[in-house]
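Structure file data12.cif with mmCIF, C-alpha atoms:
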```cif
data_start
loop_
_atom_site.label_atom_id
_atom_site.label_comp_id
_atom_site.auth_asym_id
_atom_site.auth_seq_id
_atom_site.Cartn_x
_atom_site.Cartn_y
_atom_site.Cartn_z
CA ALA A 1 -7.76 14.06 -22.82
CA ALA A 2 -10.80 15.94 -24.02
CA CYS A 3 -14.15 14.18 -23.62
CA GLY A 4 -14.99 11.97 -26.57
CA TRP A 5 -11.38 11.55 -27.61
CA ASP A 6 -10.10 8.81 -25.32
CA MET A 7 -12.51 5.90 -25.86
CA GLY A 8 -14.17 6.59 -22.54
CA ASP A 9 -15.21 10.06 -21.46
CA CYS A 10 -18.07 10.67 -23.87
CA CYS A 11 -21.16 11.22 -21.72
CA GLU A 12 -22.63 14.63 -21.11
CA GLU A 13 -23.22 13.66 -17.48
CA THR A 14 -19.49 13.25 -16.88
CA CYS A 15 -17.94 15.73 -19.30
CA ASN A 16 -17.58 19.41 -19.72
CA ALA A 17 -20.21 20.25 -22.33
CA GLU A 18 -17.58 22.05 -24.38
CA PHE A 19 -15.95 18.71 -25.20
CA ALA A 20 -18.94 16.32 -25.16
CA PHE A 21 -19.18 16.03 -28.95
CA TYR A 22 -20.96 12.65 -28.84
CA THR A 23 -24.12 12.15 -26.79
CA CYS A 24 -24.59 8.80 -25.07
CA GLY A 25 -27.15 6.71 -26.87
CA ALA A 26 -26.83 8.61 -30.14
CA ASN A 27 -24.76 6.05 -32.09
CA GLN A 28 -21.56 7.73 -31.03
CA PRO A 29 -18.40 5.72 -31.75
CA TYR A 30 -16.97 5.81 -28.24
CA THR A 31 -17.55 3.73 -25.13
CA CYS A 32 -20.06 5.26 -22.75
CA ILE A 33 -19.54 5.45 -18.99
CA GLY A 34 -21.91 6.04 -16.11
CA GLY A 35 -24.42 3.31 -16.89
CA GLN A 36 -25.77 4.84 -20.12
CA THR A 37 -27.01 2.81 -23.11
CA ASN A 38 -24.98 2.76 -26.28
CA PRO A 39 -26.84 1.48 -29.37
CA THR A 40 -23.58 0.86 -31.20
CA GLY A 41 -22.97 -2.12 -28.97
CA SER A 42 -19.71 -0.93 -27.47
CA THR A 43 -18.92 -1.89 -23.90
CA ILE A 44 -20.52 0.08 -21.09
CA HIS A 45 -18.32 0.43 -18.04
CA LYS A 46 -18.05 2.34 -14.81
CA ASN A 47 -15.51 5.03 -14.01
CA ASP A 48 -12.01 3.70 -13.39
CA PRO A 49 -11.23 4.09 -9.65
CA ARG A 50 -7.67 5.02 -10.62
CA ASP A 51 -9.06 8.28 -11.98
CA SER A 52 -10.45 9.20 -8.55
CA PRO A 53 -8.68 11.92 -6.55
CA PHE A 54 -8.76 9.46 -3.63
CA TYR A 55 -6.80 6.78 -5.49
CA PHE A 56 -3.35 6.06 -4.09
CA PHE A 57 -0.37 4.00 -5.28
CA ASP A 58 3.19 3.84 -4.03
CA SER A 59 5.94 1.35 -4.85
CA PHE A 60 8.70 3.52 -3.28
CA GLU A 61 10.61 3.83 -6.54
CA THR A 62 11.55 7.42 -5.67
CA ASN A 63 13.55 5.95 -2.76
CA GLU A 64 11.77 8.23 -0.30
CA PHE A 65 8.47 8.59 1.53
CA ASP A 66 5.96 11.25 0.54
CA PRO A 67 5.57 13.18 3.83
CA SER A 68 2.06 14.30 2.86
CA ARG A 69 0.88 10.67 3.03
CA TRP A 70 3.42 8.69 5.04
CA ASN A 71 4.73 8.92 8.61
CA TRP A 72 7.77 6.65 8.95
CA MET A 73 9.11 8.05 12.23
CA GLU A 74 6.64 6.56 14.71
CA GLY A 75 7.82 4.05 17.29
CA ASP A 76 11.37 3.55 18.52
CA ALA A 77 13.09 3.27 15.13
CA PRO A 78 12.11 4.61 11.69
CA TRP A 79 11.14 2.64 8.63
CA GLU A 80 13.35 3.22 5.60
CA THR A 81 13.14 2.90 1.85
CA ALA A 82 15.74 0.42 0.70
CA LEU A 83 17.35 -0.80 -2.50
CA ALA A 84 16.62 -4.44 -3.31
CA GLU A 85 20.08 -5.94 -3.14
CA ASP A 86 21.89 -8.50 -1.01
CA GLU A 87 24.73 -7.61 1.34
CA ASP A 88 27.19 -8.36 -1.46
CA GLY A 89 25.39 -5.91 -3.77
CA THR A 90 23.54 -8.51 -5.83
CA PRO A 91 20.08 -7.14 -6.83
CA PHE A 92 16.95 -9.18 -6.26
CA ALA A 93 13.34 -8.74 -7.37
CA THR A 94 10.88 -6.65 -5.40
CA ALA A 95 7.18 -7.47 -5.23
CA ASP A 96 6.32 -5.39 -8.30
CA GLY A 97 9.56 -5.81 -10.23
CA GLY A 98 10.96 -2.45 -9.13
CA SER A 99 14.16 -1.63 -7.29
CA TYR A 100 12.95 -0.29 -3.92
CA PHE A 101 10.63 -1.11 -1.04
CA ALA A 102 9.96 0.07 2.52
CA GLU A 103 11.43 -1.92 5.38
CA ALA A 104 11.82 -2.12 9.16
CA ARG A 105 14.61 -4.01 10.91
CA THR A 106 14.72 -5.39 14.44
CA GLU A 107 18.41 -4.47 14.79
CA TYR A 108 17.51 -0.76 14.65
CA ILE A 109 15.12 -1.07 17.63
CA LEU A 110 17.23 -0.61 20.75
CA ASP A 111 14.58 -1.13 23.42
CA GLU A 112 13.25 -4.59 24.23
CA GLY A 113 9.54 -4.47 23.40
CA GLY A 114 10.12 -1.54 21.05
CA THR A 115 8.51 -0.93 17.65
CA SER A 116 8.99 0.52 14.19
CA VAL A 117 5.74 1.98 12.88
CA LEU A 118 4.90 3.03 9.31
CA GLU A 119 1.67 5.01 8.90
CA LEU A 120 -0.33 5.86 5.77
CA THR A 121 -3.25 8.29 5.68
CA ILE A 122 -6.06 7.72 3.20
CA GLU A 123 -9.61 8.93 2.77
CA SER A 124 -12.62 8.31 0.59
CA PRO A 125 -16.28 9.34 0.86
CA ASN A 126 -17.35 5.79 -0.04
CA GLY A 127 -14.54 3.69 1.41
CA GLY A 128 -12.39 1.40 -0.69
CA LEU A 129 -9.98 -1.52 -0.82
CA LEU A 130 -6.40 -1.22 0.40
CA SER A 131 -3.92 -3.82 -0.87
CA TYR A 132 -0.20 -4.18 -0.37
CA GLN A 133 2.54 -6.76 -0.70
CA ILE A 134 4.43 -7.86 2.38
CA GLN A 135 7.51 -9.95 3.11
CA ALA A 136 8.17 -10.79 6.75
CA LEU A 137 11.55 -12.33 7.55
CA ILE A 138 10.78 -12.74 11.24
CA GLN A 139 11.00 -15.40 13.90
CA ALA A 140 8.98 -15.88 17.09
CA PRO A 141 9.47 -14.86 19.83
CA TYR A 142 11.87 -12.20 18.57
CA GLU A 143 9.53 -10.24 16.28
CA ASP A 144 6.03 -10.04 14.91
CA VAL A 145 4.11 -7.73 12.57
CA VAL A 146 0.72 -6.15 13.27
CA VAL A 147 -1.38 -4.12 10.83
CA GLN A 148 -3.84 -1.63 12.33
CA VAL A 149 -6.53 0.72 11.06
CA ASP A 150 -7.01 3.77 13.29
CA GLY A 151 -5.27 1.97 16.14
CA THR A 152 -7.42 -1.16 15.92
CA PRO A 153 -5.61 -4.39 14.94
CA THR A 154 -6.81 -6.12 11.78
CA ASN A 155 -6.66 -9.87 11.23
CA HIS A 156 -3.28 -9.38 9.55
CA VAL A 157 -0.92 -10.37 12.35
CA LEU A 158 2.25 -12.23 11.41
CA VAL A 159 4.04 -14.23 14.10
CA SER A 160 6.16 -16.40 11.81
CA ALA A 161 8.13 -15.85 8.65
CA MET A 162 6.47 -15.06 5.33
CA GLU A 163 9.45 -15.41 3.04
CA GLU A 164 7.59 -14.95 -0.26
CA TRP A 165 6.00 -11.65 -1.17
CA THR A 166 2.29 -11.97 -0.36
CA VAL A 167 -0.66 -9.72 -1.21
CA GLN A 168 -2.90 -8.71 1.68
CA GLU A 169 -6.12 -6.69 1.46
CA ILE A 170 -8.12 -4.58 3.91
CA GLU A 171 -11.62 -3.15 3.40
CA ILE A 172 -11.59 0.52 4.37
CA GLU A 173 -14.74 2.32 5.47
CA HIS A 174 -15.65 5.84 4.33
CA GLY A 175 -13.88 8.79 5.86
CA HIS A 176 -10.32 9.59 6.90
CA HIS A 177 -8.16 6.73 8.20
CA THR A 178 -4.63 5.88 9.29
CA ILE A 179 -3.20 2.46 8.42
CA SER A 180 -0.22 1.31 10.50
CA TRP A 181 2.33 -1.43 9.82
CA ILE A 182 3.99 -2.22 13.17
CA HIS A 183 7.20 -4.25 13.37
CA ARG A 184 7.57 -5.28 17.01
CA LYS A 185 10.68 -6.46 18.85
CA ASN A 186 10.20 -9.13 21.52
CA PRO A 187 6.39 -8.68 21.58
CA SER A 188 5.83 -11.64 23.92
CA ASP A 189 8.32 -10.32 26.49
CA ALA A 190 10.52 -13.39 26.18
CA SER A 191 13.17 -13.91 28.82
CA GLU A 192 16.80 -13.01 28.26
CA GLU A 193 17.61 -16.72 28.24
CA ASP A 194 15.13 -17.38 25.42
CA LEU A 195 16.43 -14.46 23.42
CA ALA A 196 20.05 -15.48 23.93
CA ALA A 197 19.30 -19.01 22.74
CA GLY A 198 18.25 -17.84 19.30
CA LEU A 199 19.29 -15.31 16.69
CA PRO A 200 17.64 -12.04 17.73
CA ASN A 201 17.86 -8.72 15.88
CA LEU A 202 17.80 -10.28 12.41
CA GLY A 203 14.10 -9.72 11.67
CA ILE A 204 12.99 -7.66 8.65
CA THR A 205 9.54 -6.57 7.48
CA ARG A 206 9.15 -5.21 3.93
CA ILE A 207 6.19 -3.48 2.27
CA ASP A 208 5.75 -2.76 -1.43
CA GLY A 209 3.06 -2.02 -4.03
CA VAL A 210 0.62 -0.19 -1.75
CA ILE A 211 -2.67 0.53 -3.56
CA PHE A 212 -5.91 2.12 -2.39
CA LEU A 213 -8.83 1.71 -4.80
CA PRO A 214 -11.74 3.91 -3.72
CA TYR A 215 -15.35 2.80 -4.23
#
```
Encoding of this model in structure tokens:
Amino acid sequence: AACGWDMGDCCEETCNAEFAFYTCGANQPYTCIGGQTNPTGSTIHKNDPRDSPFYFFDSFETNEFDPSRWNWMEGDAPWETALAEDEDGTPFATADGGSYFAEARTEYILDEGGTSVLELTIESPNGGLLSYQIQALIQAPYEDVVVQVDGTPTNHVLVSAMEEWTVQEIEIEHGHHTISWIHRKNPSDASEEDLAAGLPNLGITRIDGVIFLPY
């Protein structure tokens, strides 16, 4: 929208002068941004981070990964986008009410101690906040889930089931970064006897509603 027409972009400091019909502080009828004063009493607010070129959102509703942002082929088995339905075809709700999510399954990892790794690249000159929703249908010692930033583990390590969709957040520093969700098979190197005593290869990790809000 042209500046001054969308109840937000009215200030000369943030608009192309060709469209800045109303000057901030001159009793203009629109809401000013950028910390200016508006004598009309309308709300002053900062720029919406969703308007930033560094903003990112993906809920996988296209049923595919964007190869410019995602790498789903790392590790011993790929992550996949999947339709939210039971084995009998009955649909169930995703984290954001959509129809698809990203998932990794232990049964696709052939090697003991193998992994499925999903990577996202993001960048921002001022850093930002990464949030996502996760569901981990896992059981120790057969699987766990580790989230890393640039190869360094965060405090988001799941060693037991998280059956309900749960929001997790990570503060991201400025610059270019790679976030990794790692679904690991037999991470504790359990014995064959221990593995045989349980129900291995049934673990699933799901990710949905990935958002990066830059500062």
Notebook entry, point to check: Expressed in Å to a single decimal, how great is the separation between CA of Phe212 (chain A) and CA of Glu85 (chain A)?
Noted result: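 Computing the Euclidean distance for CA of Phe212 (chain A) and CA of Glu85 (chain A) yields 27.2 Å.
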Ground truth for the PyMOL selection byres ((chain A and resi 121) around 7), written as a tab-separated table (two decimals) with C-alpha atoms, in the frame of the given file:
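Written output follows (result_20.tsv):
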```tsv
chain	number	residue	atom	x	y	z
A	69	ARG	CA	0.88	10.67	3.03
A	70	TRP	CA	3.42	8.69	5.04
A	119	GLU	CA	1.67	5.01	8.90
A	120	LEU	CA	-0.33	5.86	5.77
A	122	ILE	CA	-6.06	7.72	3.20
A	177	HIS	CA	-8.16	6.73	8.20
A	178	THR	CA	-4.63	5.88	9.29
A	179	ILE	CA	-3.20	2.46	8.42
```
Can you tell me, as an mmCIF file with C-alpha atoms, in the frame of the given file, what residues are no more than 6 Å from Ala104 (chain A) when counting only C-alpha atoms, ignoring any on the same chain fewer than 3 positions away?
```
data_model
loop_
_atom_site.group_PDB
_atom_site.id
_atom_site.type_symbol
_atom_site.label_atom_id
_atom_site.label_comp_id
_atom_site.auth_asym_id
_atom_site.auth_seq_id
_atom_site.Cartn_x
_atom_site.Cartn_y
_atom_site.Cartn_z
ATOM 1 C CA TRP A 79 11.140 2.640 8.630
ATOM 2 C CA ILE A 204 12.990 -7.660 8.650
ATOM 3 C CA THR A 205 9.540 -6.570 7.480
#
```
Note to self: What's the separation between CA of His156 (chain A) and CA of Thr106 (chain A), in Å to one decimal place?
What the structure shows: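 Separation between CA of His156 (chain A) and CA of Thr106 (chain A): 19.1 Å.
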Notebook entry, point to check: For Gly114 (chain A), which residue among A:Gln148, A:Asn155, A:Asn186, A:Ser160 is the nearest when counting only C-alpha atoms?
Noted result: A:Asn186
Next item on the list: Find the residue from A:Ser59, A:Thr90, A:Ser124, A:Ser99 that sits nearest to Leu213 (chain A); use only C-alpha atoms when measuring.
Entry: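 Nearest candidate to Leu213 (chain A) out of A:Ser59, A:Thr90, A:Ser124, A:Ser99: A:Ser124.
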Check: Can you list what the PyMOL selection byres ((chain A and resi 210) around 9) grabs from this structure, as a ChimeraX atom specification?
Finding: /A:56-59,130-133,207-209,211-212
Next item on the list: For each of A:Asp96, A:Glu164, A:Glu112, A:Asp189, take the minimum atom-to-atom distance to Pro141 (chain A), counting all atoms listed in the file, then give the residue where this is smallest.
Entry: A:Asp189
Item checked: Coordinates-based distance that separates CA of Met73 (chain A) from CA of Ala136 (chain A) (Å, one decimal) ->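 Taking CA of Ala136 (chain A) and CA of Met73 (chain A), their separation equals 19.6 Å.
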Next item on the list: Using all atoms listed in the file, pick whichever of A:Gly113, A:Gly75, A:Gly97, A:Pro49 has the shortest atom-to-atom distance to Pro187 (chain A).
Entry: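 Nearest to Pro187 (chain A): A:Gly113.
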Item checked: Given all atoms listed in the file as the counted atoms, nearest of A:Asp88, A:Asp111, A:Asp150, A:Glu123 to Gly175 (chain A) -> A:Glu123
Note to self: Considering only C-alpha atoms, can you say which of A:Ala84, A:Ile182, A:Ile172, A:Leu118 comes closest to Val146 (chain A)?
What the structure shows: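 Closest to Val146 (chain A) of all the choices is A:Ile182.
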Applying the PyMOL selection byres ((chain A and resi 76) around 8) to the file I just gave you, which residues come out? Please list them as a PDB file with C-alpha atoms, in the frame of the given file.
```pdb
ATOM      1  CA  GLU A  74       6.640   6.560  14.710  1.00  0.00           C
ATOM      2  CA  GLY A  75       7.820   4.050  17.290  1.00  0.00           C
ATOM      3  CA  ALA A  77      13.090   3.270  15.130  1.00  0.00           C
ATOM      4  CA  PRO A  78      12.110   4.610  11.690  1.00  0.00           C
ATOM      5  CA  ILE A 109      15.120  -1.070  17.630  1.00  0.00           C
ATOM      6  CA  LEU A 110      17.230  -0.610  20.750  1.00  0.00           C
ATOM      7  CA  ASP A 111      14.580  -1.130  23.420  1.00  0.00           C
ATOM      8  CA  GLY A 114      10.120  -1.540  21.050  1.00  0.00           C
ATOM      9  CA  THR A 115       8.510  -0.930  17.650  1.00  0.00           C
ATOM     10  CA  SER A 116       8.990   0.520  14.190  1.00  0.00           C
TER      11      SER A 116
END
```
